[in-house]
file data.cif (mmCIF, C-alpha atoms)
data_upload
loop_
_atom_site.label_atom_id
_atom_site.label_comp_id
_atom_site.auth_asym_id
_atom_site.auth_seq_id
_atom_site.Cartn_x
_atom_site.Cartn_y
_atom_site.Cartn_z
CA MET A 632 25.98 24.38 24.67
CA ALA A 633 29.74 23.95 25.27
CA PHE A 634 30.46 25.64 21.96
CA LEU A 635 28.32 28.61 22.94
CA LEU A 636 30.16 29.00 26.30
CA LEU A 637 33.49 28.76 24.47
CA ALA A 638 32.35 31.40 21.97
CA PHE A 639 31.27 33.70 24.80
CA GLY A 640 34.56 33.21 26.67
CA SER A 641 36.72 33.79 23.61
CA LEU A 642 34.70 36.90 22.79
CA LEU A 643 35.36 38.25 26.29
CA LEU A 644 39.06 37.52 25.90
CA LEU A 645 39.14 39.16 22.49
CA GLY A 646 37.36 42.23 23.85
CA SER A 647 39.80 42.52 26.76
CA VAL A 648 42.82 42.28 24.47
CA GLN A 649 41.37 44.87 22.13
CA PHE A 650 40.65 47.17 25.10
CA LEU A 651 44.24 46.93 26.33
CA ALA A 652 45.59 47.48 22.83
CA ARG A 653 43.56 50.68 22.47
CA ARG A 654 45.00 51.85 25.77
CA GLY A 655 48.43 51.67 24.16
CA LEU A 656 49.57 48.37 25.71
CA LYS A 657 51.20 46.37 22.97
CA ASN A 658 53.45 43.36 23.36
CA THR A 659 53.95 39.87 21.92
CA LEU A 660 51.77 38.17 24.55
CA LEU A 661 48.78 40.40 23.79
CA GLU A 662 49.30 39.91 20.07
CA ALA A 663 49.26 36.12 20.59
CA LEU A 664 46.18 36.29 22.85
CA ASN A 665 44.42 38.39 20.24
CA TRP A 666 44.89 35.75 17.55
CA ILE A 667 44.13 32.84 19.89
CA SER A 668 40.83 34.37 21.05
CA LEU A 669 39.88 35.20 17.47
CA VAL A 670 40.54 31.62 16.34
CA LEU A 671 38.68 30.22 19.37
CA PHE A 672 35.66 32.45 18.69
CA VAL A 673 35.38 31.52 15.02
CA GLY A 674 36.03 27.86 15.81
CA SER A 675 33.37 27.71 18.52
CA ILE A 676 30.77 29.31 16.23
CA VAL A 677 31.54 26.82 13.47
CA GLY A 678 31.42 23.98 16.02
CA PHE A 679 28.05 25.11 17.32
CA LEU A 680 26.56 25.31 13.84
CA TRP A 681 27.92 21.86 12.92
CA SER A 682 26.65 20.17 16.09
CA ASP A 683 23.22 21.72 15.63
CA SER A 684 22.83 20.52 12.06
CA SER A 685 23.99 16.96 12.82
CA ALA A 686 21.71 16.47 15.82
CA GLU A 687 18.68 14.12 15.63
CA PRO A 688 15.51 15.97 14.68
CA GLU A 689 13.86 17.05 17.88
CA ALA A 690 10.42 16.02 16.65
CA PHE A 691 11.58 12.40 16.48
CA TYR A 692 11.70 12.20 20.25
CA SER A 693 9.21 14.83 21.24
CA PRO A 694 6.09 13.67 23.08
CA ALA A 695 4.00 15.63 20.60
CA ALA A 696 5.42 13.68 17.68
CA VAL A 697 4.93 10.34 19.47
CA SER A 698 1.32 11.15 20.26
CA GLN A 699 0.67 11.87 16.57
CA LYS A 700 1.74 8.35 15.55
CA PRO A 701 -1.18 5.98 14.92
CA GLN A 702 -1.52 4.20 18.22
CA ASP A 703 -4.52 2.02 17.58
CA THR A 704 -3.75 0.73 14.10
CA PRO A 705 -3.88 -3.05 14.26
CA GLN A 706 -1.21 -4.87 12.29
CA GLU A 707 -3.77 -6.98 10.50
CA ARG A 708 -7.44 -6.22 10.13
CA ARG A 709 -10.06 -8.55 8.80
CA PRO A 710 -9.69 -9.50 5.16
CA VAL A 711 -12.27 -8.34 2.66
CA GLU A 712 -15.01 -10.77 1.73
CA LEU A 713 -14.04 -13.57 -0.61
CA LEU A 714 -16.10 -14.11 -3.71
CA LYS A 715 -18.81 -16.67 -2.97
CA PHE A 716 -20.20 -19.58 -4.93
CA GLY A 717 -21.87 -18.24 -8.07
CA ASP A 718 -20.29 -14.78 -7.90
CA PRO A 719 -19.06 -13.54 -11.28
CA VAL A 720 -15.32 -13.06 -11.69
CA PRO A 721 -13.99 -10.13 -13.78
CA LEU A 722 -13.89 -11.35 -17.36
CA GLU A 723 -10.27 -10.38 -17.85
CA LEU A 724 -7.56 -10.77 -15.25
CA GLU A 725 -5.41 -7.69 -14.82
CA ALA A 726 -1.67 -7.56 -14.24
CA THR A 727 1.18 -5.29 -15.26
CA TYR A 728 3.28 -8.19 -16.53
CA TRP A 729 2.08 -11.46 -18.03
CA LEU A 730 4.72 -14.15 -18.28
CA GLN A 731 4.39 -17.70 -19.59
CA GLY A 732 1.54 -16.76 -21.90
CA GLU A 733 -1.67 -14.76 -21.94
CA PRO A 734 -4.32 -15.24 -19.26
CA PRO A 735 -7.50 -17.15 -20.08
CA ARG A 736 -10.72 -15.20 -20.38
CA MET A 737 -13.34 -15.98 -17.77
CA GLY A 738 -16.56 -17.58 -18.94
CA SER A 739 -15.06 -18.79 -22.18
CA GLY A 740 -16.32 -22.32 -21.61
CA LYS A 741 -13.30 -23.66 -19.76
CA ILE A 742 -12.78 -24.35 -16.09
CA ILE A 743 -10.08 -22.14 -14.61
CA VAL A 744 -7.97 -22.61 -11.49
CA LEU A 745 -7.01 -19.14 -10.32
CA ASP A 746 -4.13 -19.11 -7.85
CA VAL A 747 -3.71 -15.75 -6.13
CA TRP A 748 -0.52 -15.80 -4.11
CA ASP A 749 1.44 -13.51 -1.90
CA GLN A 750 5.15 -13.26 -1.35
CA LEU A 751 6.17 -15.05 1.82
CA MET B 81 5.15 -31.02 0.17
CA GLU B 82 4.76 -27.43 -0.98
CA PHE B 83 1.41 -26.43 -2.41
CA SER B 84 3.16 -25.21 -5.57
CA SER B 85 4.21 -28.83 -6.23
CA SER B 86 0.60 -29.91 -5.73
CA LEU B 87 -0.57 -27.35 -8.28
CA VAL B 88 1.93 -28.56 -10.83
CA GLU B 89 0.84 -32.14 -10.15
CA LEU B 90 -2.82 -31.20 -10.68
CA HIS B 91 -1.93 -29.28 -13.81
CA GLN B 92 -0.33 -32.41 -15.22
CA LYS B 93 -3.49 -34.32 -14.39
CA TYR B 94 -6.12 -31.83 -15.60
CA GLY B 95 -4.18 -29.36 -17.76
CA GLN B 96 -5.83 -30.54 -21.01
CA GLN B 97 -9.29 -29.64 -19.74
CA VAL B 98 -8.60 -26.96 -17.14
CA SER B 99 -6.73 -23.66 -17.49
CA PHE B 100 -4.43 -22.66 -14.68
CA VAL B 101 -3.40 -19.07 -14.00
CA SER B 102 -1.48 -17.36 -11.18
CA LEU B 103 -1.76 -13.78 -10.04
CA THR B 104 0.20 -11.72 -7.54
CA LYS B 105 0.81 -8.14 -6.53
CA ALA B 106 4.57 -8.82 -6.46
CA PRO B 107 6.66 -7.62 -9.39
CA PRO B 108 8.51 -10.28 -11.34
CA GLU B 109 12.16 -11.00 -10.75
CA THR B 110 14.68 -9.50 -13.14
CA ASP B 111 16.97 -11.87 -14.99
CA PRO B 112 20.49 -10.54 -14.28
CA ALA B 113 21.75 -11.74 -17.66
CA THR B 114 19.04 -10.28 -19.89
CA GLN B 115 17.55 -7.66 -17.54
CA LYS B 116 14.11 -8.97 -18.54
CA PRO B 117 11.39 -9.96 -16.08
CA ARG B 118 11.26 -13.60 -15.17
CA VAL B 119 8.87 -15.77 -13.16
CA PHE B 120 9.26 -16.65 -9.50
CA PHE B 121 7.96 -20.18 -9.99
CA PRO B 122 8.52 -22.33 -13.07
CA TYR B 123 4.80 -23.00 -13.52
CA PRO B 124 3.87 -24.01 -17.06
CA TRP B 125 0.89 -21.60 -17.13
CA PRO B 126 0.30 -17.83 -17.43
CA GLN B 127 1.45 -15.81 -14.44
CA GLY B 128 0.39 -12.23 -13.81
CA TYR B 129 2.68 -9.97 -11.78
CA ALA B 130 2.30 -6.51 -10.23
CA THR B 131 -1.47 -6.75 -10.13
CA SER B 132 -3.10 -3.66 -8.70
CA GLU B 133 -4.55 -3.51 -5.21
CA ASP B 134 -7.85 -2.49 -6.75
CA PHE B 135 -8.08 -5.62 -8.86
CA LEU B 136 -7.06 -7.94 -6.03
CA HIS B 137 -9.67 -6.20 -3.89
CA ARG B 138 -12.30 -6.97 -6.53
CA LEU B 139 -11.29 -10.61 -6.23
CA GLY B 140 -11.71 -10.44 -2.46
CA THR B 141 -8.09 -11.38 -1.90
CA THR B 142 -6.73 -8.41 0.02
CA ARG B 143 -6.62 -7.44 3.62
CA ASP B 144 -5.95 -4.09 5.15
CA ILE B 145 -2.85 -4.07 7.32
CA GLY B 146 -3.23 -0.52 8.49
CA ASN B 147 -1.13 2.55 7.88
CA ASN B 148 2.18 0.85 8.32
CA SER B 149 4.17 2.46 5.51
CA HIS B 150 6.83 -0.26 5.63
CA VAL B 151 4.50 -2.81 4.10
CA GLY B 152 2.39 -0.61 1.89
CA GLY B 153 -1.01 -0.70 3.60
CA PHE B 154 -2.44 -3.94 2.21
CA SER B 155 -1.43 -7.49 1.63
CA THR B 156 -2.70 -10.29 -0.53
CA THR B 157 -4.41 -13.26 1.04
CA SER B 158 -3.27 -16.32 -0.88
CA THR B 159 -6.43 -17.87 -2.29
CA VAL B 160 -7.38 -20.50 -4.84
CA TYR B 161 -10.59 -20.05 -6.81
CA VAL B 162 -11.99 -22.54 -9.24
CA ILE B 163 -13.96 -20.67 -11.87
CA GLY B 164 -16.68 -22.55 -13.70
CA MET B 165 -17.25 -22.56 -17.43
CA ASP B 166 -19.79 -19.79 -16.95
CA GLY B 167 -17.18 -17.43 -15.43
CA ARG B 168 -18.59 -17.74 -11.91
CA VAL B 169 -16.99 -19.04 -8.75
CA ALA B 170 -17.44 -22.79 -8.43
CA TRP B 171 -15.21 -23.31 -5.40
CA CYS B 172 -12.83 -21.42 -3.14
CA ASP B 173 -10.23 -22.77 -0.75
CA GLN B 174 -11.27 -20.23 1.91
CA ARG B 175 -7.70 -18.96 2.13
CA ALA B 176 -6.49 -22.38 3.19
CA ARG B 177 -2.82 -21.43 2.92
CA THR B 178 -3.39 -18.43 5.16
CA HIS B 179 -4.86 -20.82 7.72
CA HIS B 180 -1.88 -23.16 7.29
CA ILE B 181 -3.94 -26.03 5.95
CA PRO B 182 -1.50 -28.84 5.14
CA PRO B 183 -0.77 -28.70 1.39
CA ASP B 184 -1.74 -32.32 0.78
CA TRP B 185 -5.23 -31.67 2.21
CA LEU B 186 -5.64 -28.71 -0.09
CA ARG B 187 -4.40 -30.75 -3.06
CA ASP B 188 -6.93 -33.50 -2.26
CA ASP B 189 -9.76 -30.96 -2.03
CA LEU B 190 -8.82 -29.32 -5.31
CA ASP B 191 -8.39 -32.69 -6.99
CA GLU B 192 -11.87 -33.75 -5.92
CA VAL B 193 -13.39 -30.43 -6.99
CA LEU B 194 -11.88 -30.65 -10.48
CA ARG B 195 -12.89 -34.30 -10.79
CA GLN B 196 -16.51 -33.41 -10.00
CA LEU B 197 -16.56 -30.35 -12.26
CA LEU B 198 -15.34 -32.45 -15.20
CA ASP B 199 -17.81 -35.25 -14.55
CA PRO B 200 -20.14 -35.63 -17.59
CA GLU B 201 -23.26 -35.43 -15.42
CA PHE B 202 -22.03 -32.27 -13.75
CA LEU B 203 -21.16 -30.74 -17.11
CA ALA B 204 -24.63 -31.54 -18.43
CA ALA B 205 -26.23 -29.98 -15.36
CA MET B 206 -24.05 -26.90 -15.78
CA GLN B 207 -24.99 -26.51 -19.43
CA LYS B 208 -28.64 -26.84 -18.51
CA ALA B 209 -28.31 -24.24 -15.75
CA THR B 210 -26.49 -21.85 -18.10
CA ALA B 211 -29.15 -22.25 -20.77
CA SER B 212 -32.08 -21.74 -18.41
CA PRO B 213 -30.86 -20.17 -15.16
CA ASN B 214 -34.38 -19.47 -13.92
CA THR B 215 -35.51 -23.07 -13.94
CA SER B 216 -32.30 -25.06 -13.43
CA PRO B 217 -30.19 -24.40 -10.36
CA ARG B 218 -26.47 -24.07 -10.83
CA PRO B 219 -24.85 -27.35 -9.73
CA GLN B 220 -22.43 -27.21 -6.84
CA VAL B 221 -19.51 -29.45 -6.00
CA LYS B 222 -19.82 -31.37 -2.77
CA LEU B 223 -16.91 -32.60 -0.71
CA ASP B 224 -17.67 -35.72 1.29
CA PRO B 225 -17.39 -34.74 4.96
CA LYS B 226 -16.18 -38.25 5.87
CA ARG B 227 -13.43 -38.17 3.31
CA PHE B 228 -12.42 -34.69 4.39
CA SER B 229 -13.09 -35.14 8.08
CA LYS B 230 -9.59 -34.14 9.09
CA ARG B 231 -9.87 -30.92 7.16
CA LYS B 232 -13.29 -30.21 8.63
CA GLN B 233 -12.05 -30.78 12.17
CA PHE B 234 -9.09 -28.55 11.48
CA LEU B 235 -11.25 -25.77 10.09
CA ASP B 236 -13.89 -26.13 12.81
CA ALA B 237 -11.19 -25.81 15.45
CA ARG B 238 -10.13 -22.57 13.83
CA GLN B 239 -13.73 -21.48 13.25
CA VAL B 240 -13.12 -21.10 9.55
CA PRO B 241 -16.24 -21.50 7.40
#
call {"tool": "encode", "arguments": {"input": "data.cif", "output": "structure tokens"}}
result
Amino acid sequence: MAFLLLAFGSLLLLGSVQFLARRGLKNTLLEALNWISLVLFVGSIVGFLWSDSSAEPEAFYSPAAVSQKPQDTPQERRPVELLKFGDPVPLELEATYWLQGEPPRMGSGKIIVLDVWDQL
Amino acid sequence: MEFSSSLVELHQKYGQQVSFVSLTKAPPETDPATQKPRVFFPYPWPQGYATSEDFLHRLGTTRDIGNNSHVGGFSTTSTVYVIGMDGRVAWCDQRARTHHIPPDWLRDDLDEVLRQLLDPEFLAAMQKATASPNTSPRPQVKLDPKRFSKRKQFLDARQVP
């Protein structure tokens, strides 16, 4: 907002100087004011554009954006049902990487301890 | 004692007769020297990494944690299954680690389960049940409630089945 006021003020000053110059009034002070107002005007426009682009996105704080966020999502819902006694397990375990050897195949006549773990 | 130590201990005890395998949704670590994937834990058995959500869901070991994009929408519930020779679930720890069951209790349970499963009488009953499932019921391991009274009290207090 300050940059816009500065731009408006410098534009007024520039206009006044140009008006006086057209009326035939020419001296060193007017010449200096002409350049100063021109620099101020360009500078204030650049400043306004820079401050606008670096500001936080308005939607981040707007009530509309907040209301669109999931309000009632619980952090942890109930787990899915565990396999029960007698349930079949997929014959082949799936993973993107197998290290320390190949996985055993289910139902191949050997008891298997399957440890499913999560990163803590 | 960490449960991982208990697993290694049980592997040393039963590893000749029982296969151990670990599975996780986490990707493996990368060895900085070789840039190859390496295991998190030095278990002497096959370890699967970066398992899909779909597969873990089929195993019943996921839980939905909502739409929180920071954690990816689901997490794994650490679970131990013992799979019988017929490829069916023989025992499950009921997510004991999630319920913070002391690791030595879980080790004792698993030890007893494996001992029973490898018992010659149990093996004979299992073979019979596999051969004629309509007439012979599948044998089930039984944990003595007196022996595991502490665990039972702990689980009852938490209303865990």
call {"tool": "interface_residues", "arguments": {"input": "data.cif", "of": "chain B", "to": "chain A", "cutoff": "6 Å", "atoms": "all atoms listed in the file", "output": "ChimeraX atom specification"}}
result
/B:98-104,125-131,140,143-146,156,158-170
call {"tool": "atom_distance", "arguments": {"input": "data.cif", "atom1": "atom CA of Gly640 of chain A", "atom2": "atom CA of Gly678 of chain A"}}
result
14.4 Å
call {"tool": "residues_around", "arguments": {"input": "data.cif", "residues": "Phe679 of chain A", "least_positions_apart": "6", "cutoff": "9 Å", "atoms": "all atoms listed in the file", "output": "tab-separated table (two decimals) with C-alpha atoms, keeping the file's coordinate frame"}}
result
chain	number	residue	atom	x	y	z
A	632	MET	CA	25.98	24.38	24.67
A	633	ALA	CA	29.74	23.95	25.27
A	634	PHE	CA	30.46	25.64	21.96
A	635	LEU	CA	28.32	28.61	22.94
A	638	ALA	CA	32.35	31.40	21.97
call {"tool": "atom_distance", "arguments": {"input": "data.cif", "atom1": "atom CA of Leu139 of chain B", "atom2": "atom CA of Leu186 of chain B"}}
result
19.9 Å
call {"tool": "resolve_selection", "arguments": {"input": "data.cif", "expression": "the PyMOL selection byres ((chain A and resi 673) around 12)", "output": "PyMOL selection string"}}
result
chain A and resi 634-635+637-642+645+666-672+674-680
call {"tool": "atom_distance", "arguments": {"input": "data.cif", "atom1": "atom CA of Pro122 of chain B", "atom2": "atom CA of Ser85 of chain B"}}
result
10.4 Å
call {"tool": "closest_residue", "arguments": {"input": "data.cif", "among": "B:Gln115, B:Thr178, B:Thr110, B:Ser84", "to": "Thr157 of chain B", "atoms": "all atoms listed in the file"}}
result
B:Thr178
call {"tool": "decode", "arguments": {"input": "data.cif", "residues": "segment 193-218 of chain B", "atoms": "N, CA and C atoms", "output": "mmCIF file, in the first residue's frame"}}
result
data_model
loop_
_atom_site.group_PDB
_atom_site.id
_atom_site.type_symbol
_atom_site.label_atom_id
_atom_site.label_comp_id
_atom_site.auth_asym_id
_atom_site.auth_seq_id
_atom_site.Cartn_x
_atom_site.Cartn_y
_atom_site.Cartn_z
ATOM 1 N N VAL B 193 4.138 -71.302 21.608
ATOM 2 C CA VAL B 193 3.392 -71.622 20.381
ATOM 3 C C VAL B 193 4.229 -72.515 19.473
ATOM 4 N N LEU B 194 5.483 -72.142 19.268
ATOM 5 C CA LEU B 194 6.353 -72.933 18.384
ATOM 6 C C LEU B 194 6.617 -74.320 18.977
ATOM 7 N N ARG B 195 6.785 -74.365 20.291
ATOM 8 C CA ARG B 195 7.006 -75.660 20.941
ATOM 9 C C ARG B 195 5.825 -76.596 20.685
ATOM 10 N N GLN B 196 4.601 -76.041 20.844
ATOM 11 C CA GLN B 196 3.412 -76.872 20.630
ATOM 12 C C GLN B 196 3.272 -77.286 19.164
ATOM 13 N N LEU B 197 3.528 -76.342 18.260
ATOM 14 C CA LEU B 197 3.355 -76.641 16.835
ATOM 15 C C LEU B 197 4.312 -77.735 16.368
ATOM 16 N N LEU B 198 5.482 -77.812 17.020
ATOM 17 C CA LEU B 198 6.491 -78.799 16.618
ATOM 18 C C LEU B 198 6.365 -80.103 17.400
ATOM 19 N N ASP B 199 5.421 -80.139 18.308
ATOM 20 C CA ASP B 199 5.216 -81.363 19.089
ATOM 21 C C ASP B 199 4.739 -82.484 18.151
ATOM 22 N N PRO B 200 5.315 -83.690 18.272
ATOM 23 C CA PRO B 200 4.945 -84.784 17.345
ATOM 24 C C PRO B 200 3.438 -85.057 17.312
ATOM 25 N N GLU B 201 2.785 -84.983 18.454
ATOM 26 C CA GLU B 201 1.335 -85.246 18.469
ATOM 27 C C GLU B 201 0.582 -84.175 17.688
ATOM 28 N N PHE B 202 1.026 -82.927 17.867
ATOM 29 C CA PHE B 202 0.379 -81.831 17.159
ATOM 30 C C PHE B 202 0.601 -81.988 15.648
ATOM 31 N N LEU B 203 1.821 -82.349 15.282
ATOM 32 C CA LEU B 203 2.136 -82.515 13.865
ATOM 33 C C LEU B 203 1.287 -83.628 13.246
ATOM 34 N N ALA B 204 1.099 -84.699 14.009
ATOM 35 C CA ALA B 204 0.279 -85.812 13.508
ATOM 36 C C ALA B 204 -1.166 -85.362 13.321
ATOM 37 N N ALA B 205 -1.666 -84.587 14.306
ATOM 38 C CA ALA B 205 -3.042 -84.095 14.209
ATOM 39 C C ALA B 205 -3.193 -83.135 13.014
ATOM 40 N N MET B 206 -2.156 -82.359 12.775
ATOM 41 C CA MET B 206 -2.196 -81.413 11.656
ATOM 42 C C MET B 206 -2.211 -82.157 10.325
ATOM 43 N N GLN B 207 -1.377 -83.175 10.227
ATOM 44 C CA GLN B 207 -1.346 -83.965 8.990
ATOM 45 C C GLN B 207 -2.689 -84.639 8.731
ATOM 46 N N LYS B 208 -3.291 -85.112 9.816
ATOM 47 C CA LYS B 208 -4.589 -85.769 9.694
ATOM 48 C C LYS B 208 -5.647 -84.759 9.224
ATOM 49 N N ALA B 209 -5.600 -83.566 9.826
ATOM 50 C CA ALA B 209 -6.578 -82.532 9.474
ATOM 51 C C ALA B 209 -6.398 -82.071 8.033
ATOM 52 N N THR B 210 -5.137 -82.014 7.582
ATOM 53 C CA THR B 210 -4.862 -81.593 6.202
ATOM 54 C C THR B 210 -5.347 -82.656 5.218
ATOM 55 N N ALA B 211 -5.154 -83.915 5.604
ATOM 56 C CA ALA B 211 -5.567 -85.007 4.708
ATOM 57 C C ALA B 211 -7.083 -85.125 4.615
ATOM 58 N N SER B 212 -7.750 -84.953 5.727
ATOM 59 C CA SER B 212 -9.225 -85.069 5.709
ATOM 60 C C SER B 212 -9.834 -83.920 6.515
ATOM 61 N N PRO B 213 -9.897 -82.740 5.895
ATOM 62 C CA PRO B 213 -10.374 -81.551 6.630
ATOM 63 C C PRO B 213 -11.837 -81.635 7.065
ATOM 64 N N ASN B 214 -12.612 -82.466 6.405
ATOM 65 C CA ASN B 214 -14.035 -82.537 6.756
ATOM 66 C C ASN B 214 -14.290 -83.342 8.026
ATOM 67 N N THR B 215 -13.401 -84.267 8.300
ATOM 68 C CA THR B 215 -13.628 -85.137 9.464
ATOM 69 C C THR B 215 -12.702 -84.818 10.636
ATOM 70 N N SER B 216 -11.540 -84.257 10.352
ATOM 71 C CA SER B 216 -10.587 -83.963 11.438
ATOM 72 C C SER B 216 -10.427 -82.458 11.595
ATOM 73 N N PRO B 217 -10.761 -81.947 12.766
ATOM 74 C CA PRO B 217 -10.613 -80.504 12.975
ATOM 75 C C PRO B 217 -9.138 -80.108 13.012
ATOM 76 N N ARG B 218 -8.899 -78.912 12.565
ATOM 77 C CA ARG B 218 -7.524 -78.387 12.560
ATOM 78 C C ARG B 218 -7.098 -78.135 14.011
#
